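Colleague: Contents of data.cif (mmCIF, C-alpha atoms and all ligand atoms):
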data_start
loop_
_atom_site.label_atom_id
_atom_site.label_comp_id
_atom_site.auth_asym_id
_atom_site.auth_seq_id
_atom_site.Cartn_x
_atom_site.Cartn_y
_atom_site.Cartn_z
CA MET A 1 10.64 -20.98 36.05
CA HIS A 2 9.08 -17.78 34.68
CA VAL A 3 7.14 -15.93 37.40
CA LEU A 4 4.87 -12.96 36.83
CA VAL A 5 4.75 -10.74 39.91
CA THR A 6 1.92 -8.24 40.26
CA GLY A 7 2.87 -5.34 42.53
CA GLY A 8 6.52 -6.38 42.16
CA ALA A 9 7.86 -2.84 42.52
CA GLY A 10 6.32 -2.50 46.01
CA TYR A 11 7.74 -3.19 49.44
CA ILE A 12 7.29 -6.96 49.74
CA GLY A 13 7.18 -7.54 45.99
CA SER A 14 10.61 -6.01 45.36
CA HIS A 15 12.16 -8.31 47.99
CA ALA A 16 10.48 -11.33 46.38
CA VAL A 17 11.66 -10.27 42.90
CA LEU A 18 15.22 -10.05 44.22
CA LEU A 19 15.08 -13.56 45.72
CA LEU A 20 13.47 -14.97 42.58
CA LEU A 21 16.20 -13.50 40.37
CA GLU A 22 18.91 -14.68 42.76
CA ALA A 23 17.42 -18.17 42.60
CA GLY A 24 17.72 -18.08 38.81
CA HIS A 25 14.05 -17.57 37.93
CA GLN A 26 12.92 -15.39 35.07
CA VAL A 27 10.71 -12.58 36.38
CA SER A 28 8.13 -10.24 34.85
CA VAL A 29 6.59 -7.50 36.96
CA TYR A 30 3.12 -6.05 36.37
CA ASP A 31 2.64 -2.86 38.37
CA ASN A 32 0.94 0.51 37.89
CA LEU A 33 3.49 2.17 40.23
CA SER A 34 0.62 3.77 42.17
CA ASN A 35 2.41 3.10 45.45
CA SER A 36 5.97 2.38 44.34
CA SER A 37 8.90 3.58 42.29
CA PRO A 38 10.88 1.89 39.51
CA GLU A 39 13.91 2.80 41.62
CA SER A 40 13.21 -0.29 43.77
CA LEU A 41 13.59 -2.52 40.71
CA ARG A 42 16.68 -0.67 39.49
CA ARG A 43 18.32 -1.48 42.83
CA VAL A 44 17.08 -5.07 42.65
CA CYS A 45 18.72 -5.39 39.20
CA ALA A 46 21.98 -4.00 40.51
CA MET A 47 22.00 -6.47 43.41
CA ALA A 48 20.84 -9.54 41.48
CA GLY A 49 22.89 -8.90 38.35
CA ALA A 50 19.75 -9.83 36.43
CA SER A 51 16.66 -7.92 35.36
CA PRO A 52 12.94 -8.43 35.61
CA GLU A 53 10.86 -7.25 32.66
CA LEU A 54 8.64 -4.43 33.92
CA PHE A 55 5.15 -4.10 32.43
CA ILE A 56 3.53 -0.88 33.51
CA GLY A 57 -0.12 -1.76 33.78
CA ASP A 58 -3.17 -1.64 35.98
CA LEU A 59 -4.96 -4.70 37.31
CA LEU A 60 -8.16 -2.88 36.35
CA ASP A 61 -7.08 -2.77 32.70
CA SER A 62 -8.18 -6.28 31.77
CA ASP A 63 -7.14 -5.98 28.11
CA ARG A 64 -3.59 -5.00 29.03
CA LEU A 65 -3.46 -7.73 31.67
CA LYS A 66 -4.54 -10.40 29.15
CA GLU A 67 -2.11 -9.11 26.55
CA VAL A 68 0.78 -9.28 29.04
CA MET A 69 -0.28 -12.68 30.37
CA LEU A 70 -0.49 -14.14 26.84
CA ASN A 71 2.82 -12.56 25.93
CA VAL A 72 4.67 -13.73 29.07
CA LYS A 73 2.87 -17.07 29.60
CA PRO A 74 4.38 -17.44 33.07
CA ASP A 75 4.62 -20.75 34.93
CA ALA A 76 3.28 -19.05 38.04
CA VAL A 77 1.89 -15.73 39.27
CA ILE A 78 2.58 -14.08 42.62
CA HIS A 79 -0.12 -11.51 43.33
CA PHE A 80 1.03 -8.66 45.57
CA GLY A 81 -0.72 -5.87 43.63
CA GLY A 82 -3.35 -4.04 45.63
CA LEU A 83 -4.16 -1.27 48.06
CA LYS A 84 -3.31 -1.90 51.70
CA ALA A 85 -4.06 1.09 53.97
CA VAL A 86 -6.74 0.19 56.53
CA GLY A 87 -7.72 3.82 57.32
CA GLU A 88 -7.97 4.79 53.65
CA SER A 89 -10.12 1.70 53.01
CA VAL A 90 -12.67 3.01 55.55
CA GLU A 91 -12.80 6.34 53.70
CA LYS A 92 -12.81 4.87 50.19
CA PRO A 93 -14.30 1.38 50.42
CA LEU A 94 -15.30 1.18 46.76
CA ALA A 95 -11.77 2.01 45.61
CA TYR A 96 -10.56 -0.91 47.73
CA TYR A 97 -13.20 -3.37 46.50
CA ARG A 98 -12.58 -2.31 42.91
CA ASN A 99 -8.81 -2.37 43.04
CA ASN A 100 -8.35 -5.48 45.17
CA VAL A 101 -11.37 -7.66 44.38
CA VAL A 102 -12.09 -6.65 40.77
CA GLY A 103 -8.33 -6.47 40.10
CA THR A 104 -8.00 -10.09 41.27
CA VAL A 105 -10.98 -11.23 39.17
CA ASN A 106 -9.29 -9.62 36.14
CA LEU A 107 -6.02 -11.34 37.01
CA ILE A 108 -7.62 -14.78 37.27
CA GLU A 109 -9.49 -14.28 33.99
CA ALA A 110 -6.25 -13.27 32.29
CA MET A 111 -4.55 -16.35 33.76
CA GLU A 112 -7.36 -18.59 32.47
CA CYS A 113 -7.03 -16.99 29.07
CA ALA A 114 -3.32 -17.88 28.97
CA ASP A 115 -3.87 -21.29 30.62
CA VAL A 116 -1.81 -20.33 33.68
CA ARG A 117 -3.12 -22.04 36.84
CA ARG A 118 -0.51 -21.53 39.53
CA LEU A 119 -1.10 -18.59 41.88
CA VAL A 120 0.30 -17.32 45.17
CA PHE A 121 -1.85 -14.67 46.84
CA SER A 122 -0.86 -12.09 49.49
CA SER A 123 -3.44 -12.38 52.21
CA SER A 124 -3.20 -11.10 55.74
CA ALA A 125 -3.66 -12.11 59.36
CA THR A 126 -6.31 -9.41 59.35
CA VAL A 127 -8.75 -12.06 58.00
CA TYR A 128 -8.77 -13.80 61.39
CA ALA A 129 -11.64 -13.05 63.75
CA GLU A 130 -10.55 -11.70 67.13
CA SER A 131 -9.69 -14.72 69.24
CA LYS A 132 -8.42 -15.52 72.70
CA LYS A 133 -7.06 -18.80 71.35
CA LEU A 134 -3.47 -18.08 70.36
CA PRO A 135 -1.44 -18.82 68.35
CA LEU A 136 -3.82 -18.51 65.41
CA MET A 137 -4.03 -21.62 63.24
CA GLU A 138 -5.03 -21.53 59.59
CA ASP A 139 -8.44 -23.02 60.39
CA ALA A 140 -9.30 -20.36 63.01
CA PRO A 141 -12.58 -18.50 62.37
CA ARG A 142 -12.34 -15.65 59.91
CA ASP A 143 -13.92 -12.22 60.05
CA ALA A 144 -12.72 -8.79 59.01
CA SER A 145 -13.30 -5.50 60.75
CA ASN A 146 -12.60 -3.03 57.93
CA PRO A 147 -13.04 -2.81 54.13
CA TYR A 148 -9.38 -3.64 53.43
CA GLY A 149 -9.63 -6.82 55.50
CA ARG A 150 -12.93 -7.70 53.83
CA THR A 151 -11.32 -7.45 50.37
CA LYS A 152 -8.74 -10.04 51.50
CA LEU A 153 -11.47 -12.25 52.92
CA HIS A 154 -13.58 -12.00 49.75
CA ILE A 155 -10.56 -12.84 47.60
CA GLU A 156 -9.71 -15.85 49.78
CA GLN A 157 -13.29 -17.10 49.39
CA MET A 158 -13.21 -16.47 45.65
CA LEU A 159 -9.98 -18.49 45.36
CA GLU A 160 -11.54 -21.32 47.37
CA ASP A 161 -14.52 -21.35 44.97
CA LEU A 162 -12.16 -21.32 42.00
CA ALA A 163 -10.24 -24.35 43.29
CA VAL A 164 -13.52 -26.21 43.84
CA SER A 165 -14.71 -25.33 40.32
CA SER A 166 -11.75 -26.94 38.59
CA GLY A 167 -9.08 -29.38 39.70
CA GLU A 168 -6.51 -27.67 37.49
CA TRP A 169 -5.64 -24.88 39.90
CA SER A 170 -2.71 -24.74 42.33
CA ILE A 171 -3.37 -21.84 44.69
CA GLY A 172 -1.38 -20.77 47.74
CA ILE A 173 -2.88 -18.23 50.12
CA LEU A 174 -0.20 -16.71 52.34
CA ARG A 175 -1.45 -14.97 55.48
CA TYR A 176 1.22 -12.51 56.50
CA PHE A 177 1.48 -11.38 60.09
CA ASN A 178 3.28 -8.01 60.48
CA PRO A 179 5.91 -7.57 57.74
CA VAL A 180 8.79 -5.28 58.77
CA GLY A 181 12.48 -4.73 58.13
CA ALA A 182 14.38 -4.39 54.89
CA HIS A 183 16.99 -6.17 52.83
CA PRO A 184 20.21 -6.35 54.93
CA SER A 185 22.05 -4.33 52.25
CA GLY A 186 19.82 -1.33 53.09
CA ASN A 187 19.23 -0.86 49.35
CA ILE A 188 15.53 -1.71 49.30
CA GLY A 189 12.88 -1.28 51.96
CA GLU A 190 9.50 0.16 52.83
CA ASP A 191 8.80 3.66 51.56
CA PRO A 192 5.41 4.73 52.93
CA GLN A 193 3.73 7.84 51.51
CA GLY A 194 2.76 10.48 54.11
CA ILE A 195 2.56 9.73 57.82
CA PRO A 196 3.13 6.00 58.37
CA ASN A 197 0.19 4.17 59.95
CA ASN A 198 2.22 1.17 61.00
CA LEU A 199 4.47 0.99 64.01
CA MET A 200 7.87 0.06 62.59
CA PRO A 201 7.94 2.63 59.73
CA PHE A 202 6.82 5.30 62.22
CA ILE A 203 9.58 4.37 64.67
CA SER A 204 12.16 4.43 61.91
CA GLN A 205 11.09 7.94 60.86
CA VAL A 206 11.48 9.05 64.49
CA ALA A 207 14.95 7.50 64.50
CA VAL A 208 15.95 9.40 61.36
CA GLY A 209 14.57 12.70 62.71
CA ARG A 210 11.52 13.04 60.45
CA ARG A 211 9.11 12.72 63.44
CA ASN A 212 9.48 13.79 67.06
CA GLU A 213 8.36 10.81 69.10
CA VAL A 214 6.61 7.47 68.85
CA LYS A 215 3.03 7.47 70.07
CA ILE A 216 2.19 4.22 71.84
CA PHE A 217 -1.50 3.49 71.34
CA GLY A 218 -2.44 2.31 74.82
CA LYS A 219 -0.58 0.75 77.75
CA ASP A 220 -3.57 -0.84 79.44
CA TYR A 221 -3.93 -3.94 77.29
CA PRO A 222 -3.94 -7.38 78.95
CA THR A 223 -0.47 -8.17 77.51
CA TYR A 224 2.91 -8.80 79.17
CA ASP A 225 3.74 -5.07 79.43
CA GLY A 226 0.36 -3.47 78.66
CA THR A 227 1.18 -2.50 75.05
CA GLY A 228 -0.09 -4.22 71.89
CA VAL A 229 1.59 -7.47 70.89
CA ARG A 230 2.10 -8.58 67.26
CA ASP A 231 3.95 -11.25 65.32
CA TYR A 232 6.54 -9.22 63.37
CA ILE A 233 8.10 -11.00 60.41
CA HIS A 234 11.24 -9.95 58.53
CA VAL A 235 10.42 -9.06 54.93
CA VAL A 236 13.23 -11.27 53.57
CA ASP A 237 11.85 -14.30 55.46
CA LEU A 238 8.41 -13.39 54.15
CA ALA A 239 9.65 -13.08 50.57
CA GLN A 240 11.35 -16.49 50.84
CA GLY A 241 7.97 -18.01 51.77
CA HIS A 242 6.71 -17.11 48.29
CA LEU A 243 9.51 -19.02 46.57
CA ASP A 244 8.82 -22.03 48.80
CA ALA A 245 5.09 -21.80 48.05
CA ILE A 246 5.75 -21.78 44.31
CA ASP A 247 7.95 -24.87 44.64
CA PHE A 248 5.20 -26.63 46.58
CA LEU A 249 2.51 -25.64 44.07
CA THR A 250 4.58 -27.08 41.24
CA HIS A 251 3.87 -30.52 42.72
CA HIS A 252 0.41 -30.05 44.27
CA LYS A 253 -2.99 -29.12 42.90
CA GLY A 254 -5.74 -27.53 44.97
CA GLN A 255 -5.90 -24.61 47.32
CA PHE A 256 -3.66 -24.23 50.38
CA VAL A 257 -3.35 -21.68 53.19
CA TRP A 258 -0.23 -20.92 55.20
CA ASN A 259 0.47 -18.50 58.03
CA LEU A 260 3.76 -16.66 57.56
CA GLY A 261 4.87 -15.40 60.95
CA THR A 262 7.42 -16.23 63.61
CA GLY A 263 4.96 -17.85 66.00
CA SER A 264 5.60 -15.42 68.83
CA GLY A 265 4.56 -11.91 69.74
CA THR A 266 6.53 -8.75 70.57
CA SER A 267 5.14 -5.70 72.38
CA VAL A 268 5.27 -2.11 71.13
CA LEU A 269 7.70 -1.24 73.95
CA ASP A 270 9.98 -4.11 72.94
CA VAL A 271 9.95 -3.02 69.29
CA ILE A 272 10.95 0.50 70.37
CA GLY A 273 13.69 -1.05 72.54
CA ALA A 274 15.07 -3.11 69.64
CA PHE A 275 15.04 -0.11 67.33
CA SER A 276 16.73 2.08 69.95
CA ARG A 277 19.55 -0.47 70.18
CA ALA A 278 19.76 -0.63 66.38
CA CYS A 279 20.12 3.14 65.95
CA GLY A 280 22.21 3.67 69.08
CA ARG A 281 19.96 6.03 71.06
CA GLN A 282 16.85 5.71 73.20
CA LEU A 283 13.96 6.79 71.01
CA PRO A 284 11.43 9.10 72.65
CA TYR A 285 7.88 7.87 73.07
CA LYS A 286 4.61 8.92 74.66
CA ILE A 287 1.68 6.80 75.79
CA VAL A 288 -1.55 7.98 74.16
CA GLU A 289 -5.11 6.65 73.83
CA ARG A 290 -5.76 3.25 72.29
CA ARG A 291 -6.30 3.34 68.52
CA ALA A 292 -9.87 2.45 67.54
CA GLY A 293 -10.16 -1.07 66.15
CA ASP A 294 -6.86 -2.36 67.56
CA ILE A 295 -6.82 -5.65 69.42
CA ALA A 296 -4.50 -6.49 72.30
CA GLU A 297 -2.51 -9.36 70.94
CA TYR A 298 -2.16 -11.85 68.12
CA TYR A 299 0.43 -14.13 66.67
CA GLY A 300 0.23 -17.05 64.31
CA ASP A 301 1.22 -20.68 64.29
CA PRO A 302 3.58 -21.19 61.33
CA THR A 303 3.82 -25.00 61.74
CA ALA A 304 1.96 -25.77 58.50
CA ALA A 305 4.42 -23.66 56.48
CA ARG A 306 7.32 -25.41 58.20
CA LEU A 307 5.98 -28.92 57.58
CA GLU A 308 4.59 -28.41 54.06
CA LEU A 309 6.89 -25.76 52.61
CA GLY A 310 10.03 -26.32 54.67
CA TRP A 311 9.80 -22.60 55.51
CA LYS A 312 10.71 -21.04 58.82
CA ALA A 313 11.33 -17.42 59.89
CA GLU A 314 15.08 -17.13 60.47
CA ARG A 315 15.35 -13.52 61.67
CA GLY A 316 14.28 -12.05 65.02
CA ILE A 317 13.20 -8.58 66.12
CA GLU A 318 16.79 -7.29 66.59
CA GLU A 319 17.65 -8.15 62.98
CA MET A 320 14.38 -6.65 61.75
CA ALA A 321 15.20 -3.39 63.53
CA CYS A 322 18.86 -3.35 62.39
CA ASP A 323 17.97 -3.91 58.74
CA MET A 324 15.13 -1.39 58.85
CA TRP A 325 17.49 1.16 60.38
CA LYS A 326 20.12 0.48 57.73
CA TRP A 327 17.55 1.12 54.96
CA GLN A 328 16.12 4.23 56.66
CA SER A 329 19.48 5.79 57.56
CA GLN A 330 20.88 5.19 54.06
CA ASN A 331 17.66 6.45 52.44
CA PRO A 332 16.17 9.05 54.80
CA ALA A 333 13.67 10.14 52.13
CA GLY A 334 13.02 6.63 50.83
CA TYR A 335 13.28 6.27 47.05
CA GLY A 336 12.38 9.94 46.49
CA GLU A 337 9.44 11.34 44.57
CA PHE A 338 8.30 9.62 41.42
CA GLU A 339 5.51 10.62 39.03
CA ILE A 340 4.90 8.27 36.16
CA GLY A 341 4.03 11.21 33.84
CA ASP A 342 4.81 10.46 30.21
CA TYR A 343 7.39 7.77 30.79
CA THR A 344 6.85 4.79 28.56
CA ASN A 345 7.24 1.17 29.45
CA GLU A 346 10.45 1.15 27.36
CA ASP A 347 11.87 4.18 29.22
CA LEU A 348 11.29 2.52 32.55
CA ASN A 349 12.74 -0.81 31.49
CA ALA A 350 15.81 0.95 30.14
CA TYR A 351 16.04 2.83 33.43
CA ILE A 352 15.80 -0.19 35.70
CA LYS A 353 18.25 -2.12 33.57
CA GLY A 354 20.62 0.84 33.72
CA ILE A 355 20.99 0.94 29.92
CA LYS A 356 20.31 4.65 29.81
CA ASP A 357 19.78 7.13 32.59
CA THR A 358 17.25 9.48 31.06
CA LEU A 359 15.15 9.44 34.20
CA SER A 360 17.85 9.67 36.82
CA SER A 361 18.29 13.41 36.55
CA THR A 362 14.57 14.10 36.73
CA ASN A 363 12.12 12.42 39.05
CA VAL A 364 13.95 9.36 40.20
CA VAL A 365 16.72 9.18 42.77
CA SER A 366 19.86 7.80 41.15
P1 LIG B 401 2.96 -1.96 48.42
O1 LIG B 401 1.93 -0.90 48.32
O2 LIG B 401 4.36 -1.56 48.72
O3 LIG B 401 2.97 -2.84 47.08
C1 LIG B 401 1.80 -3.04 46.33
C2 LIG B 401 2.16 -2.81 44.87
O4 LIG B 401 0.98 -3.00 44.08
C3 LIG B 401 2.66 -1.39 44.58
O5 LIG B 401 3.84 -1.46 43.81
C4 LIG B 401 1.51 -0.75 43.79
O6 LIG B 401 2.00 0.21 42.87
C5 LIG B 401 0.90 -1.97 43.12
N1 LIG B 401 -0.52 -1.80 42.76
C6 LIG B 401 -1.51 -1.36 43.56
N2 LIG B 401 -2.67 -1.35 42.87
C7 LIG B 401 -2.38 -1.81 41.62
C8 LIG B 401 -3.17 -2.01 40.45
N3 LIG B 401 -4.47 -1.72 40.40
N4 LIG B 401 -2.55 -2.45 39.35
C9 LIG B 401 -1.22 -2.74 39.35
N5 LIG B 401 -0.43 -2.56 40.43
C10 LIG B 401 -1.02 -2.11 41.55
O7 LIG B 401 2.43 -3.03 49.50
P2 LIG B 401 3.20 -4.23 50.20
O8 LIG B 401 3.37 -3.89 51.62
O9 LIG B 401 4.34 -4.65 49.38
O10 LIG B 401 2.03 -5.33 50.14
C11 LIG B 401 1.96 -6.28 49.11
C12 LIG B 401 0.72 -7.13 49.31
O11 LIG B 401 0.77 -7.75 50.60
C13 LIG B 401 -0.58 -6.33 49.28
O12 LIG B 401 -1.56 -7.11 48.61
C14 LIG B 401 -0.94 -6.18 50.73
O13 LIG B 401 -2.33 -6.05 50.93
C15 LIG B 401 -0.42 -7.48 51.31
N6 LIG B 401 -0.12 -7.40 52.75
C16 LIG B 401 0.73 -6.43 53.19
C17 LIG B 401 0.99 -6.31 54.55
C18 LIG B 401 1.90 -5.22 55.08
O14 LIG B 401 1.81 -4.91 56.27
N7 LIG B 401 2.77 -4.63 54.26
C19 LIG B 401 0.39 -7.20 55.46
C20 LIG B 401 -0.44 -8.19 54.96
C21 LIG B 401 -0.70 -8.29 53.60
N1 LIG B 402 1.09 1.13 67.24
C1 LIG B 402 1.47 2.14 68.11
N2 LIG B 402 1.85 3.32 67.56
C2 LIG B 402 1.87 3.57 66.22
C3 LIG B 402 1.46 2.53 65.35
C4 LIG B 402 1.07 1.32 65.90
O1 LIG B 402 1.47 1.97 69.31
O2 LIG B 402 2.22 4.67 65.78
C5 LIG B 402 0.76 -0.19 67.82
C6 LIG B 402 -0.64 -0.69 67.48
O3 LIG B 402 -1.56 -0.24 68.43
C7 LIG B 402 -0.42 -2.21 67.49
C8 LIG B 402 1.03 -2.38 67.02
O4 LIG B 402 1.65 -1.13 67.25
O5 LIG B 402 -0.51 -2.69 68.82
C9 LIG B 402 1.15 -2.75 65.56
O6 LIG B 402 0.42 -1.81 64.77
P1 LIG B 402 0.59 -1.72 63.19
O7 LIG B 402 -0.25 -0.57 62.73
O8 LIG B 402 2.03 -1.70 62.84
O9 LIG B 402 0.02 -3.11 62.67
P2 LIG B 402 -1.41 -3.78 62.84
O10 LIG B 402 -1.20 -5.08 63.58
O11 LIG B 402 -2.41 -2.84 63.39
O12 LIG B 402 -1.83 -4.10 61.33
C10 LIG B 402 -0.92 -4.44 60.31
C11 LIG B 402 -1.43 -3.92 58.97
C12 LIG B 402 -2.68 -4.63 58.59
C13 LIG B 402 -2.40 -6.10 58.55
C14 LIG B 402 -1.88 -6.57 59.88
C15 LIG B 402 -1.50 -8.04 59.81
O13 LIG B 402 -1.70 -2.52 59.07
O14 LIG B 402 -3.11 -4.24 57.32
O15 LIG B 402 -0.74 -5.82 60.25
O16 LIG B 402 -0.69 -8.27 58.72
F1 LIG B 402 -3.53 -6.76 58.26
#
Re-express the file's structure as structure tokens.
Ligand code: NAD
Ligand code: UFG

Modeller:
Amino acid sequence: MHVLVTGGAGYIGSHAVLLLLEAGHQVSVYDNLSNSSPESLRRVCAMAGASPELFIGDLLDSDRLKEVMLNVKPDAVIHFGGLKAVGESVEKPLAYYRNNVVGTVNLIEAMECADVRRLVFSSSATVYAESKKLPLMEDAPRDASNPYGRTKLHIEQMLEDLAVSSGEWSIGILRYFNPVGAHPSGNIGEDPQGIPNNLMPFISQVAVGRRNEVKIFGKDYPTYDGTGVRDYIHVVDLAQGHLDAIDFLTHHKGQFVWNLGTGSGTSVLDVIGAFSRACGRQLPYKIVERRAGDIAEYYGDPTAARLELGWKAERGIEEMACDMWKWQSQNPAGYGEFEIGDYTNEDLNAYIKGIKDTLSSTNVVS
């Protein structure tokens, strides 16, 4: 199958591209590299022994998107492309609505233009309203508490409307719980810009000496040890869910929603414990005030994904921490700085395929 992956150079996307190539699929990536580096795809190529075609392009550039879609004519699209920082979305709501919502409208229009009707969308557990009824099922009430979450909710609703409007669509909405970890090789992983907002990337920067101590946001929550509890999911398990969703959508029309999580929650203290074991020293931490907007606890019920997709999270918190540590310790500065500058699409494709190394001595880590 030929799969077009928007945002395929990013954290989750690069893991999905690797699994797709390893499974023998043909892959095209559409990414503007605004939050990623072509280095991720170069490493994916080296591991898979096969290459995706990289199309540098913006979801907001509808002409380019249509041109690529008509050129590639994929059998399916996996849509990771978008902005994802909750705090930034509060400061720049319009940038988030434009990039995520308008970008998705453009994508769907380009798909219609090329008669492509199979789509997997990256949604988030953030679309669930705060609930005491755990684990969260797919039909739990939805509500979002920040602009980022609202873009995901609006897109979900738009996809529901689309499926109602025409019986031709096969749409899978994947609600991720908390994606963490890295490929077990340590070659690809999460490379956040600036100070990480999320727990696991912050811990891993403490472990590698880039930050002094982990700040635990509150120890007075009504949870088993007083710290926040989340359903952490290994990025490789998560990526596999996309392949399973595409298989399912090949045989089913309509719109479907699946939680991708482990089904159980882990506290902040237990995540720090797992990471301390992974890196071989007790990581320092300090209890500070609660973070505004955080809720005590949530985890999802992944039964629907197990029954309908045959998908199940295989890796636990120890493996998530070990793989994250392997990536962080092998790549203390992530993929290194990258500015797209004047590089052409051809330059970058040559770079990721390793045909020539014109970029390796400049901006990109070799
Ligand atoms: P990421 O930032 O690493 O990857 C997103 C990719 O999209 C990047 O490569 C970026 O360059 C690209 N992109 C952004 N805007 C674009 C645009 N306008 N045109 C083309 N490309 C664009 O993020 P990730 O963690 O891999 O997340 C992937 C998806 O999963 C996102 O939609 C995110 O909202 C969703 N998600 C992530 C998490 C998480 O915690 N990581 C949780 C739930 C949902
Ligand atoms: N936490 C700390 N210290 C930190 C960072 C986080 O104690 O430095 C705590 C939080 O209070 C929370 C837990 O660790 O209890 C997890 O926090 P994260 O920021 O890692 O993750 P969230 O659950 O807040 O949210 C993340 C993404 C959202 C996404 C959601 C579900 O940021 O965009 O997971 O996928 F929607």

Colleague: With 3 Å added on each side, what axis-aligned box encloses every listed atom of region 313-318 of chain A? Give the centre and edge lengths in Å to one decimal, as JSON.

Modeller:
{"center_x": 14.1, "center_y": -12.4, "center_z": 63.2, "size_x": 11.5, "size_y": 16.1, "size_z": 12.7}

Colleague: Output the neighbourhood of ligand LIG 401 (chain B) as a PyMOL selection string, that is, all protein and nucleic acid residues with some atom at most 8 Å from the ligand, counting only C-alpha atoms and all ligand atoms.

Modeller: chain A and resi 6-14+30-37+56-60+79-85+99-100+103+121-126+148+152+175-180+190-192+198

Colleague: Around (20.3, -8.2, 40.0), as given in the file, which residues come within 10 Å? Count all atoms listed in the file and list them as a PDB file with C-alpha atoms, in the frame of the given file.

Modeller:
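Saved file part_26.pdb follows:
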ATOM      1  CA  VAL A  17      11.660 -10.270  42.900  1.00  0.00           C
ATOM      2  CA  LEU A  18      15.220 -10.050  44.220  1.00  0.00           C
ATOM      3  CA  LEU A  19      15.080 -13.560  45.720  1.00  0.00           C
ATOM      4  CA  LEU A  20      13.470 -14.970  42.580  1.00  0.00           C
ATOM      5  CA  LEU A  21      16.200 -13.500  40.370  1.00  0.00           C
ATOM      6  CA  GLU A  22      18.910 -14.680  42.760  1.00  0.00           C
ATOM      7  CA  LEU A  41      13.590  -2.520  40.710  1.00  0.00           C
ATOM      8  CA  ARG A  42      16.680  -0.670  39.490  1.00  0.00           C
ATOM      9  CA  ARG A  43      18.320  -1.480  42.830  1.00  0.00           C
ATOM     10  CA  VAL A  44      17.080  -5.070  42.650  1.00  0.00           C
ATOM     11  CA  CYS A  45      18.720  -5.390  39.200  1.00  0.00           C
ATOM     12  CA  ALA A  46      21.980  -4.000  40.510  1.00  0.00           C
ATOM     13  CA  MET A  47      22.000  -6.470  43.410  1.00  0.00           C
ATOM     14  CA  ALA A  48      20.840  -9.540  41.480  1.00  0.00           C
ATOM     15  CA  GLY A  49      22.890  -8.900  38.350  1.00  0.00           C
ATOM     16  CA  ALA A  50      19.750  -9.830  36.430  1.00  0.00           C
ATOM     17  CA  SER A  51      16.660  -7.920  35.360  1.00  0.00           C
ATOM     18  CA  PRO A  52      12.940  -8.430  35.610  1.00  0.00           C
ATOM     19  CA  LYS A 353      18.250  -2.120  33.570  1.00  0.00           C
TER      20      LYS A 353
END

Colleague: Around ligand LIG 402 (chain B), which protein and nucleic acid residues have at least one atom no more than 9 Å from it, if we count all atoms listed in the file? List them as a VMD selection string.

Modeller: chain A and resid 84 to 87 123 to 127 148 to 149 175 to 180 196 to 203 214 to 219 227 to 232 267 to 269 271 287 to 288 290 to 298

Colleague: Between CA of Gly265 (chain A) and CA of Tyr299 (chain A), what is the distance in Å, rounded to a tenth?

Modeller: 5.6 Å

Colleague: Could you check the closest approach to Ala245 (chain A) for each of A:Glu318, A:Asp75, A:Glu88, A:Glu308 and tell me which residue wins, using all atoms listed in the file?

Modeller: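 When distances to Ala245 (chain A) are compared using all atoms listed in the file, the smallest one comes from A:Glu308.
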
Colleague: With distances taken over only C-alpha atoms, which of A:Ile272, A:Met1, A:Ala110, A:Val90 is nearest to Ala23 (chain A)?

Modeller: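 Closest candidate: A:Met1.
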